[in-house]
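The file final22.csv comes next; it holds CSV, C-alpha atoms.
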chain,number,residue,atom,x,y,z
A,844,MET,CA,-38.9,-13.2,29.0
A,845,SER,CA,-37.6,-10.9,26.3
A,846,THR,CA,-34.4,-11.8,24.6
A,847,GLY,CA,-31.5,-9.7,23.3
A,848,ALA,CA,-27.8,-9.9,22.6
A,849,ILE,CA,-26.0,-12.1,25.1
A,850,ARG,CA,-22.9,-10.5,26.5
A,851,HIS,CA,-20.1,-13.1,26.7
A,852,ASP,CA,-16.8,-11.8,27.8
A,853,ALA,CA,-13.9,-14.1,28.5
A,854,ASP,CA,-13.9,-12.6,32.0
A,855,ASP,CA,-17.1,-14.5,32.8
A,856,LEU,CA,-15.0,-17.5,33.6
A,857,GLY,CA,-11.7,-15.7,34.1
A,858,LEU,CA,-10.5,-17.1,30.8
A,859,ASP,CA,-7.9,-15.7,28.4
A,860,PRO,CA,-9.4,-14.5,25.1
A,861,GLU,CA,-6.8,-16.6,23.2
A,862,ASP,CA,-4.6,-19.5,24.2
A,863,ARG,CA,-1.0,-18.5,23.7
A,864,PRO,CA,1.7,-21.1,22.9
A,865,ASP,CA,3.5,-22.6,25.9
A,866,LEU,CA,6.8,-20.8,26.6
A,867,ILE,CA,9.7,-23.2,27.1
A,868,LEU,CA,13.0,-22.1,28.7
A,869,VAL,CA,16.0,-24.2,27.4
A,870,VAL,CA,19.0,-23.9,29.7
A,871,ASP,CA,22.3,-25.4,28.3
A,872,ASP,CA,25.8,-24.2,27.8
A,873,ASP,CA,26.2,-26.6,24.9
A,874,GLN,CA,24.8,-24.5,22.0
A,875,ASP,CA,24.5,-27.5,19.6
A,876,ILE,CA,22.2,-29.3,22.1
A,877,ALA,CA,20.3,-26.1,22.9
A,878,SER,CA,19.7,-25.4,19.2
A,879,PHE,CA,18.5,-29.0,18.6
A,880,VAL,CA,16.0,-28.8,21.5
A,881,ALA,CA,14.8,-25.3,20.6
A,882,PHE,CA,14.3,-26.2,16.9
A,883,ASN,CA,12.3,-29.3,17.6
A,884,LEU,CA,10.1,-27.5,20.2
A,885,GLU,CA,9.4,-24.6,17.8
A,886,ILE,CA,8.4,-26.8,14.9
A,887,HIS,CA,5.8,-28.4,17.3
A,888,GLY,CA,4.3,-25.0,18.1
A,889,TYR,CA,6.1,-24.1,21.3
A,890,GLU,CA,7.7,-20.7,22.0
A,891,VAL,CA,11.3,-21.0,23.1
A,892,MET,CA,13.8,-18.8,25.0
A,893,ARG,CA,17.4,-19.9,25.8
A,894,ALA,CA,19.9,-19.4,28.6
A,895,ARG,CA,23.5,-20.5,28.8
A,896,ASP,CA,23.6,-21.1,32.5
A,897,GLY,CA,21.5,-21.1,35.7
A,898,GLN,CA,22.2,-17.5,36.6
A,899,GLU,CA,21.0,-16.3,33.2
A,900,ALA,CA,18.0,-18.6,33.4
A,901,LEU,CA,16.9,-17.1,36.7
A,902,GLU,CA,16.9,-13.6,35.1
A,903,LEU,CA,14.8,-14.9,32.2
A,904,VAL,CA,12.4,-16.7,34.5
A,905,GLU,CA,11.7,-13.5,36.4
A,906,ALA,CA,11.3,-11.4,33.2
A,907,ARG,CA,9.2,-13.9,31.1
A,908,LYS,CA,7.6,-16.5,33.4
A,909,PRO,CA,7.9,-19.6,31.2
A,910,ASP,CA,5.5,-22.6,31.4
A,911,LEU,CA,8.3,-25.2,31.6
A,912,ALA,CA,12.1,-25.3,31.9
A,913,ILE,CA,14.4,-27.8,30.2
A,914,VAL,CA,17.7,-27.7,32.1
A,915,ASP,CA,21.1,-29.3,31.6
A,916,TRP,CA,22.7,-31.0,34.6
A,917,MET,CA,26.3,-29.9,34.0
A,918,MET,CA,26.7,-26.1,33.5
A,919,PRO,CA,29.2,-23.4,34.6
A,920,ARG,CA,28.4,-20.9,37.4
A,921,MET,CA,25.2,-22.8,38.5
A,922,ASP,CA,24.4,-26.3,37.5
A,923,GLY,CA,20.9,-27.8,36.9
A,924,VAL,CA,20.4,-29.1,40.4
A,925,GLN,CA,21.3,-25.8,42.0
A,926,LEU,CA,19.0,-23.9,39.5
A,927,THR,CA,16.1,-26.2,40.3
A,928,GLN,CA,16.7,-25.7,44.1
A,929,LYS,CA,16.6,-21.9,43.6
A,930,LEU,CA,13.4,-22.1,41.6
A,931,ARG,CA,11.7,-24.3,44.2
A,932,ALA,CA,12.8,-22.0,47.0
A,933,HIS,CA,11.0,-18.9,45.5
A,934,PRO,CA,7.2,-18.7,45.8
A,935,LEU,CA,6.7,-17.3,42.3
A,936,THR,CA,8.7,-20.0,40.6
A,937,SER,CA,8.2,-23.0,43.0
A,938,ALA,CA,5.5,-24.6,40.7
A,939,LEU,CA,7.5,-24.2,37.4
A,940,PRO,CA,7.9,-27.7,36.0
A,941,VAL,CA,11.5,-28.8,35.2
A,942,ILE,CA,12.9,-31.5,32.9
A,943,MET,CA,16.5,-32.3,33.4
A,944,LEU,CA,18.9,-33.1,30.5
A,945,THR,CA,21.6,-35.4,31.7
A,946,ALA,CA,24.2,-38.0,30.6
A,947,LYS,CA,23.9,-39.5,34.0
A,948,SER,CA,21.8,-42.6,34.3
A,949,MET,CA,22.8,-43.8,37.8
A,950,THR,CA,19.9,-44.1,40.3
A,951,VAL,CA,21.7,-42.0,42.9
A,952,ASP,CA,22.0,-39.1,40.5
A,953,LYS,CA,18.3,-39.3,39.6
A,954,VAL,CA,17.4,-39.4,43.3
A,955,LEU,CA,19.5,-36.2,43.8
A,956,GLY,CA,17.6,-34.5,41.0
A,957,LEU,CA,14.2,-35.6,42.2
A,958,THR,CA,15.1,-34.4,45.7
A,959,ALA,CA,15.9,-31.0,44.3
A,960,GLY,CA,12.4,-30.9,42.7
A,961,VAL,CA,13.0,-32.1,39.1
A,962,ASP,CA,9.8,-33.3,37.4
A,963,ASP,CA,11.2,-35.5,34.7
A,964,TYR,CA,14.5,-36.6,33.0
A,965,LEU,CA,15.8,-36.8,29.4
A,966,VAL,CA,19.0,-38.9,29.3
A,967,LYS,CA,21.4,-38.0,26.5
A,968,PRO,CA,21.3,-39.0,23.7
A,969,PHE,CA,17.6,-38.5,23.1
A,970,ASP,CA,15.5,-38.1,20.0
A,971,ASN,CA,12.9,-35.7,18.9
A,972,THR,CA,10.0,-38.0,19.7
A,973,GLU,CA,11.0,-38.6,23.3
A,974,LEU,CA,11.7,-34.9,23.8
A,975,ILE,CA,8.2,-33.8,22.6
A,976,ALA,CA,6.5,-36.6,24.4
A,977,ARG,CA,8.1,-35.7,27.8
A,978,VAL,CA,7.5,-32.0,27.3
A,979,SER,CA,3.8,-32.6,26.4
A,980,SER,CA,3.1,-35.0,29.2
A,981,THR,CA,4.8,-32.8,31.8
A,982,LEU,CA,2.9,-29.7,30.7
A,983,ARG,CA,-0.4,-31.7,30.7
A,984,ARG,CA,0.2,-32.9,34.2
A,985,THR,CA,1.1,-29.5,35.5
A,986,LYS,CA,-2.0,-27.8,33.8
A,987,GLU,CA,-4.3,-30.5,35.2
A,988,PHE,CA,-2.9,-29.9,38.7
A,989,ARG,CA,-3.3,-26.1,38.4
A,990,GLU,CA,-6.8,-26.4,37.0
A,991,VAL,CA,-8.1,-28.2,40.1
A,992,SER,CA,-9.7,-26.2,42.9
A,993,PRO,CA,-7.7,-26.7,46.0
A,994,LEU,CA,-10.8,-26.4,48.2
A,995,THR,CA,-13.1,-28.9,46.4
A,996,GLY,CA,-10.7,-30.9,44.2
A,997,LEU,CA,-13.0,-30.2,41.2
A,998,PRO,CA,-11.8,-29.0,37.8
A,999,GLY,CA,-11.6,-25.2,37.3
A,1000,ASN,CA,-12.3,-22.7,34.5
A,1001,ALA,CA,-10.1,-23.8,31.7
A,1002,ARG,CA,-11.1,-27.5,32.1
A,1003,VAL,CA,-14.8,-26.4,32.1
A,1004,ARG,CA,-14.3,-24.6,28.8
A,1005,ARG,CA,-12.6,-27.6,27.2
A,1006,GLU,CA,-15.3,-29.9,28.3
A,1007,ILE,CA,-18.0,-27.7,26.8
A,1008,ALA,CA,-15.9,-27.4,23.6
A,1009,ASP,CA,-15.7,-31.2,23.5
A,1010,ARG,CA,-19.5,-31.6,23.8
A,1011,MET,CA,-19.9,-29.1,20.9
A,1012,LYS,CA,-17.5,-31.1,18.7
A,1013,ALA,CA,-19.3,-34.3,19.5
A,1014,GLY,CA,-22.5,-32.7,18.1
A,1015,GLY,CA,-25.0,-34.3,20.5
A,1016,GLU,CA,-27.4,-32.8,23.0
A,1017,TYR,CA,-26.1,-31.4,26.2
A,1018,SER,CA,-27.0,-29.0,29.1
A,1019,VAL,CA,-24.7,-26.7,31.0
A,1020,GLY,CA,-25.8,-25.6,34.5
A,1021,TYR,CA,-24.5,-22.7,36.5
A,1022,ILE,CA,-25.0,-23.0,40.3
A,1023,ASP,CA,-24.4,-20.6,43.1
A,1024,ILE,CA,-25.4,-20.3,46.7
A,1025,ASP,CA,-28.0,-17.7,47.6
A,1026,ARG,CA,-27.1,-15.3,50.4
A,1027,PHE,CA,-23.6,-16.8,50.7
A,1028,LYS,CA,-22.1,-13.5,51.6
A,1029,SER,CA,-24.3,-13.3,54.7
A,1030,VAL,CA,-22.7,-16.6,55.9
A,1031,ASN,CA,-19.2,-15.2,55.5
A,1032,ASP,CA,-20.3,-11.9,57.2
A,1033,VAL,CA,-21.7,-13.7,60.3
A,1034,TYR,CA,-19.6,-16.8,60.6
A,1035,GLY,CA,-16.3,-16.0,58.8
A,1036,PHE,CA,-14.6,-17.4,55.7
A,1037,ASP,CA,-13.7,-20.7,57.3
A,1038,ARG,CA,-17.4,-21.5,57.8
A,1039,GLY,CA,-18.1,-20.2,54.4
A,1040,ASP,CA,-15.7,-22.7,52.9
A,1041,GLU,CA,-17.6,-25.5,54.7
A,1042,PHE,CA,-20.7,-24.5,52.8
A,1043,ILE,CA,-18.8,-24.6,49.5
A,1044,THR,CA,-17.4,-28.1,50.2
A,1045,ALA,CA,-20.8,-29.2,51.3
A,1046,LEU,CA,-22.2,-28.2,47.9
A,1047,ALA,CA,-19.3,-30.1,46.2
A,1048,ARG,CA,-20.2,-33.2,48.2
A,1049,SER,CA,-23.9,-32.8,47.4
A,1050,LEU,CA,-23.1,-32.6,43.7
A,1051,HIS,CA,-20.9,-35.7,43.9
A,1052,LYS,CA,-23.7,-37.6,45.5
A,1053,ALA,CA,-26.2,-36.5,43.0
A,1054,VAL,CA,-23.9,-37.4,40.1
A,1055,ALA,CA,-23.3,-40.9,41.6
A,1056,ALA,CA,-27.1,-41.4,42.0
A,1057,VAL,CA,-27.9,-40.3,38.4
A,1058,ASN,CA,-25.0,-42.3,37.0
A,1059,GLN,CA,-24.8,-42.8,33.2
A,1060,PRO,CA,-24.0,-41.2,30.9
A,1061,PRO,CA,-21.1,-39.5,32.7
A,1062,ILE,CA,-21.7,-36.0,34.2
A,1063,PHE,CA,-19.0,-33.4,34.5
A,1064,VAL,CA,-18.9,-31.1,37.5
A,1065,GLY,CA,-16.5,-28.1,37.8
A,1066,HIS,CA,-15.8,-25.4,40.5
A,1067,ILE,CA,-15.1,-22.1,38.8
A,1068,GLY,CA,-14.4,-20.1,42.0
A,1069,GLY,CA,-16.1,-19.0,45.2
A,1070,ASP,CA,-19.6,-20.5,45.5
A,1071,ASP,CA,-20.0,-20.9,41.7
A,1072,PHE,CA,-20.2,-24.4,40.2
A,1073,VAL,CA,-20.9,-25.7,36.7
A,1074,PHE,CA,-22.3,-29.1,35.6
A,1075,ILE,CA,-22.5,-30.6,32.1
A,1076,CYS,CA,-24.9,-33.4,31.4
A,1077,THR,CA,-27.6,-34.5,29.0
A,1078,PRO,CA,-30.9,-32.6,29.0
A,1079,ASP,CA,-32.7,-35.6,30.4
A,1080,GLN,CA,-30.4,-35.7,33.5
A,1081,VAL,CA,-30.9,-32.0,34.5
A,1082,LEU,CA,-34.0,-32.2,36.8
A,1083,GLN,CA,-33.0,-35.4,38.5
A,1084,LEU,CA,-29.4,-34.1,39.1
A,1085,THR,CA,-30.5,-30.7,40.4
A,1086,GLN,CA,-33.3,-32.0,42.6
A,1087,ARG,CA,-31.0,-34.5,44.3
A,1088,ALA,CA,-28.3,-31.8,44.8
A,1089,VAL,CA,-30.7,-29.2,46.2
A,1090,ILE,CA,-32.3,-31.6,48.7
A,1091,ASP,CA,-28.9,-32.9,49.9
A,1092,PHE,CA,-27.3,-29.5,50.1
A,1093,GLU,CA,-30.1,-27.8,52.0
A,1094,GLN,CA,-30.0,-30.7,54.6
A,1095,ALA,CA,-26.2,-30.4,54.9
A,1096,ALA,CA,-26.3,-26.6,55.1
A,1097,ASP,CA,-28.8,-26.7,58.0
A,1098,GLN,CA,-26.2,-28.6,60.0
A,1099,LEU,CA,-23.6,-25.9,59.3
A,1100,TYR,CA,-25.5,-23.0,60.9
A,1101,ASP,CA,-25.4,-22.4,64.6
A,1102,PRO,CA,-28.3,-24.4,66.2
A,1103,ALA,CA,-30.3,-21.3,67.2
A,1104,ASP,CA,-30.0,-19.8,63.7
A,1105,ALA,CA,-31.0,-23.0,62.0
A,1106,GLU,CA,-34.0,-23.4,64.3
A,1107,ARG,CA,-35.4,-19.9,63.7
A,1108,GLY,CA,-34.7,-20.1,60.0
A,1109,TYR,CA,-32.6,-16.9,59.5
A,1110,ILE,CA,-29.3,-15.3,60.6
A,1111,GLU,CA,-28.8,-11.7,61.8
A,1112,VAL,CA,-26.3,-9.8,59.6
A,1113,PRO,CA,-24.9,-6.6,61.1
A,1114,ASP,CA,-24.6,-3.6,58.8
A,1115,ARG,CA,-22.1,-0.7,59.0
A,1116,ARG,CA,-24.2,1.2,61.5
A,1117,GLY,CA,-24.5,-1.8,63.8
A,1118,ASN,CA,-28.1,-2.7,62.9
A,1119,LYS,CA,-29.0,-6.3,62.4
A,1120,ASN,CA,-30.7,-7.4,59.3
A,1121,ARG,CA,-32.4,-10.8,58.8
A,1122,ALA,CA,-31.0,-13.1,56.1
A,1123,ALA,CA,-32.8,-16.3,55.2
A,1124,LEU,CA,-30.9,-19.5,55.2
A,1125,VAL,CA,-29.0,-20.4,52.0
A,1126,THR,CA,-30.6,-21.9,49.0
A,1127,LEU,CA,-29.4,-22.7,45.4
A,1128,SER,CA,-30.0,-20.7,42.2
A,1129,ILE,CA,-29.4,-22.8,39.1
A,1130,GLY,CA,-29.4,-21.6,35.5
A,1131,VAL,CA,-29.3,-24.0,32.6
A,1132,ALA,CA,-28.4,-23.6,29.0
A,1133,GLN,CA,-29.3,-26.4,26.6
A,1134,ALA,CA,-28.2,-27.5,23.2
A,1135,THR,CA,-30.8,-29.8,21.7
A,1136,VAL,CA,-31.8,-31.1,18.3
A,1137,GLU,CA,-34.9,-28.8,18.1
A,1138,GLY,CA,-33.5,-26.1,20.2
A,1139,ARG,CA,-30.4,-23.8,20.4
A,1140,HIS,CA,-27.0,-24.6,19.0
A,1141,PHE,CA,-23.8,-23.1,20.2
A,1142,THR,CA,-20.3,-22.6,18.7
A,1143,ASP,CA,-18.5,-20.8,21.6
A,1144,PRO,CA,-18.2,-22.2,25.2
A,1145,ARG,CA,-18.4,-18.6,26.4
A,1146,VAL,CA,-21.8,-18.1,24.9
A,1147,VAL,CA,-23.1,-21.3,26.7
A,1148,ILE,CA,-21.8,-20.0,30.0
A,1149,ALA,CA,-23.3,-16.6,29.4
A,1150,VAL,CA,-26.7,-18.1,28.7
A,1151,ALA,CA,-26.5,-20.3,31.8
A,1152,SER,CA,-25.4,-17.3,33.9
A,1153,GLU,CA,-28.4,-15.3,32.5
A,1154,MET,CA,-30.8,-18.1,33.5
A,1155,LYS,CA,-29.2,-18.2,37.0
A,1156,LYS,CA,-30.2,-14.6,37.4
A,1157,VAL,CA,-33.7,-15.6,36.5
A,1158,ALA,CA,-33.6,-18.3,39.2
A,1159,LYS,CA,-32.4,-15.8,41.8
A,1160,SER,CA,-35.6,-13.8,41.2
A,1161,GLN,CA,-37.6,-16.7,42.5
A,1162,PRO,CA,-38.1,-17.8,46.2
A,1163,GLY,CA,-36.2,-20.7,47.5
A,1164,SER,CA,-34.0,-23.0,45.5
A,1165,TYR,CA,-34.9,-22.7,41.9
A,1166,VAL,CA,-33.8,-24.2,38.5
A,1167,ALA,CA,-34.3,-21.9,35.4
A,1168,ILE,CA,-33.9,-23.6,32.1
A,1169,ASP,CA,-33.4,-21.7,28.8
A,1170,ARG,CA,-35.9,-23.1,26.3
A,1171,ARG,CA,-35.3,-20.6,23.5
A,1172,ARG,CA,-34.8,-22.0,20.0
A,1173,SER,CA,-32.6,-19.1,18.9
A,1174,ASP,CA,-31.5,-15.7,20.2
A,1175,SER,CA,-34.4,-14.0,18.4
A,1176,GLU,CA,-37.2,-16.1,20.0
A,1177,THR,CA,-38.8,-15.9,23.4
A,1178,ASP,CA,-39.0,-18.6,26.0
A,1179,GLU,CA,-41.9,-21.0,25.9

Now that the file is in, can you turn its structure into structure tokens?
Amino acid sequence: MSTGAIRHDADDLGLDPEDRPDLILVVDDDQDIASFVAFNLEIHGYEVMRARDGQEALELVEARKPDLAIVDWMMPRMDGVQLTQKLRAHPLTSALPVIMLTAKSMTVDKVLGLTAGVDDYLVKPFDNTELIARVSSTLRRTKEFREVSPLTGLPGNARVRREIADRMKAGGEYSVGYIDIDRFKSVNDVYGFDRGDEFITALARSLHKAVAAVNQPPIFVGHIGGDDFVFICTPDQVLQLTQRAVIDFEQAADQLYDPADAERGYIEVPDRRGNKNRAALVTLSIGVAQATVEGRHFTDPRVVIAVASEMKKVAKSQPGSYVAIDRRRSDSETDE
């Protein structure tokens, strides 16, 4: 196939072009403490905004949407517990992580805060090291939770990008595979989205089984939305992993069709005019980008995904489940 410039927008994975600093809201009527907290956060690379009480904090949260709030327990107009309760009660702020600043160390007080939805505590007096450690760990836990697909439990876009970046830094050989389900839309059109979700979770299970069978070295699997999945492994693992995943998924998918459809080997998809068009049963298209000693080298995770996505389109042009592997040595050379 001929080669050319590979388009690699951040939108390919729904990724931001640049990672902005985490925005931290500090809520405390004691300006000395607020200044101490803000100063130490800023010198560690965080962006900070401040509020004097809970009511002002709510206004800032609505306007700026911070990544984490550090909230004093005792404040005028609205204390820290009341503020946390209001944040948890609103759908747009219910997931905002909250660290409570408090002089209280009694268990009953901590239980009250935890019941309100506080994620962690800093008991006064505290030092800079403890402050940064608790902020960092709370943000990490929150991001890891947000990055997991609720449907499959697999890591999402941002985690995929970091994993590819880690492989790049390590400097070894690796392969990145992009998988999607062929004719998945026809399943949703005929059976509905709930049945479609069953096909997606079936693919996730098939990938888990394949990873377990292939075993070492560790293989990464992510779910980047809809019926799209990504795996990262060594070049030697690609064929064994994909063959096992394809066989297991196709067997599982057959059981998800209505018996009559599975037996005849196609489903009938109505169009806008009421006509019924035949759609073959689902298969998998898999595109693979490879970084090898004698092959291509990458410096941007988005380029790797773009190449794998390009190869997935090649796979879709072939009948049945198909794995298309990019074997170019550089952007200017053709496939072998």

Distance in Å - atom CA of A:Glu890 versus atom CA of A:Arg907: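 Rounded to one decimal, the two atoms are 11.5 Å apart.
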
Neighbours of point (-19.5, -17.3, 55.0) within 6 Å, using only C-alpha atoms, written as a PyMOL selection string: chain A and resi 1027-1028+1030-1032+1034-1036+1038-1039

12 Å contact set for A:Val961, all atoms listed in the file, chain neighbours under 3 positions out, as a PyMOL selection string: chain A and resi 911-916+923-931+937-945+952-958+964-965+981

Distance criterion (all atoms listed in the file): nearest to A:Ile1148 out of A:Thr1126, A:Ser1160, A:Gln1133, A:Gln874: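 Result for the nearest residue to A:Ile1148: A:Gln1133.
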
Surrounding residues of stretch 1093-1103 of chain A excluding itself and chain neighbours under 4 positions, 9 Å, only C-alpha atoms, as a VMD selection string: chain A and resid 1030 1034 1038 1041 to 1042 1045 to 1046 1049 1088 to 1089 1107 to 1108 1110 1124 to 1127 1164

Neighbour list for A:Lys1119 as a list in words, cut-off 12 Å, only C-alpha atoms, skip fewer than 3 positions in-chain: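 Counting only C-alpha atoms, the residues come to Ser1029, Asp1032, Val1033, Tyr1109, Ile1110, Glu1111, Val1112, Pro1113, Asp1114, Arg1115, Arg1116 and Ala1122 of chain A.
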
Radius query 12 Å about (-3.7, -30.0, 29.8), atoms used: only C-alpha atoms, as a JSON list (two decimals) with C-alpha atoms, in the frame of the given file:
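The result, stored in result_4.json:
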[["chain", "number", "residue", "atom", "x", "y", "z"],
["A", 862, "ASP", "CA", -4.60, -19.50, 24.20],
["A", 865, "ASP", "CA", 3.50, -22.60, 25.90],
["A", 910, "ASP", "CA", 5.50, -22.60, 31.40],
["A", 978, "VAL", "CA", 7.50, -32.00, 27.30],
["A", 979, "SER", "CA", 3.80, -32.60, 26.40],
["A", 980, "SER", "CA", 3.10, -35.00, 29.20],
["A", 981, "THR", "CA", 4.80, -32.80, 31.80],
["A", 982, "LEU", "CA", 2.90, -29.70, 30.70],
["A", 983, "ARG", "CA", -0.40, -31.70, 30.70],
["A", 984, "ARG", "CA", 0.20, -32.90, 34.20],
["A", 985, "THR", "CA", 1.10, -29.50, 35.50],
["A", 986, "LYS", "CA", -2.00, -27.80, 33.80],
["A", 987, "GLU", "CA", -4.30, -30.50, 35.20],
["A", 988, "PHE", "CA", -2.90, -29.90, 38.70],
["A", 989, "ARG", "CA", -3.30, -26.10, 38.40],
["A", 990, "GLU", "CA", -6.80, -26.40, 37.00],
["A", 991, "VAL", "CA", -8.10, -28.20, 40.10],
["A", 998, "PRO", "CA", -11.80, -29.00, 37.80],
["A", 999, "GLY", "CA", -11.60, -25.20, 37.30],
["A", 1001, "ALA", "CA", -10.10, -23.80, 31.70],
["A", 1002, "ARG", "CA", -11.10, -27.50, 32.10],
["A", 1003, "VAL", "CA", -14.80, -26.40, 32.10],
["A", 1004, "ARG", "CA", -14.30, -24.60, 28.80],
["A", 1005, "ARG", "CA", -12.60, -27.60, 27.20],
["A", 1006, "GLU", "CA", -15.30, -29.90, 28.30]]

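Atom pair atom CA of A:Phe1074 / atom CA of A:Gly1020 has a distance of 5.1 Å (rounded to one decimal).
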
Proximity to A:Asp1037 - best of A:Leu994, A:Val966, A:Ala1013, A:Gln1059, all atoms listed in the file: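 Between A:Leu994, A:Val966, A:Ala1013, A:Gln1059, the residue approaching A:Asp1037 most closely is A:Leu994.
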
Pairwise distance for atom CA of A:Ala1132 and atom CA of A:Ser1018, rounded to one decimal in Å: 5.6 Å
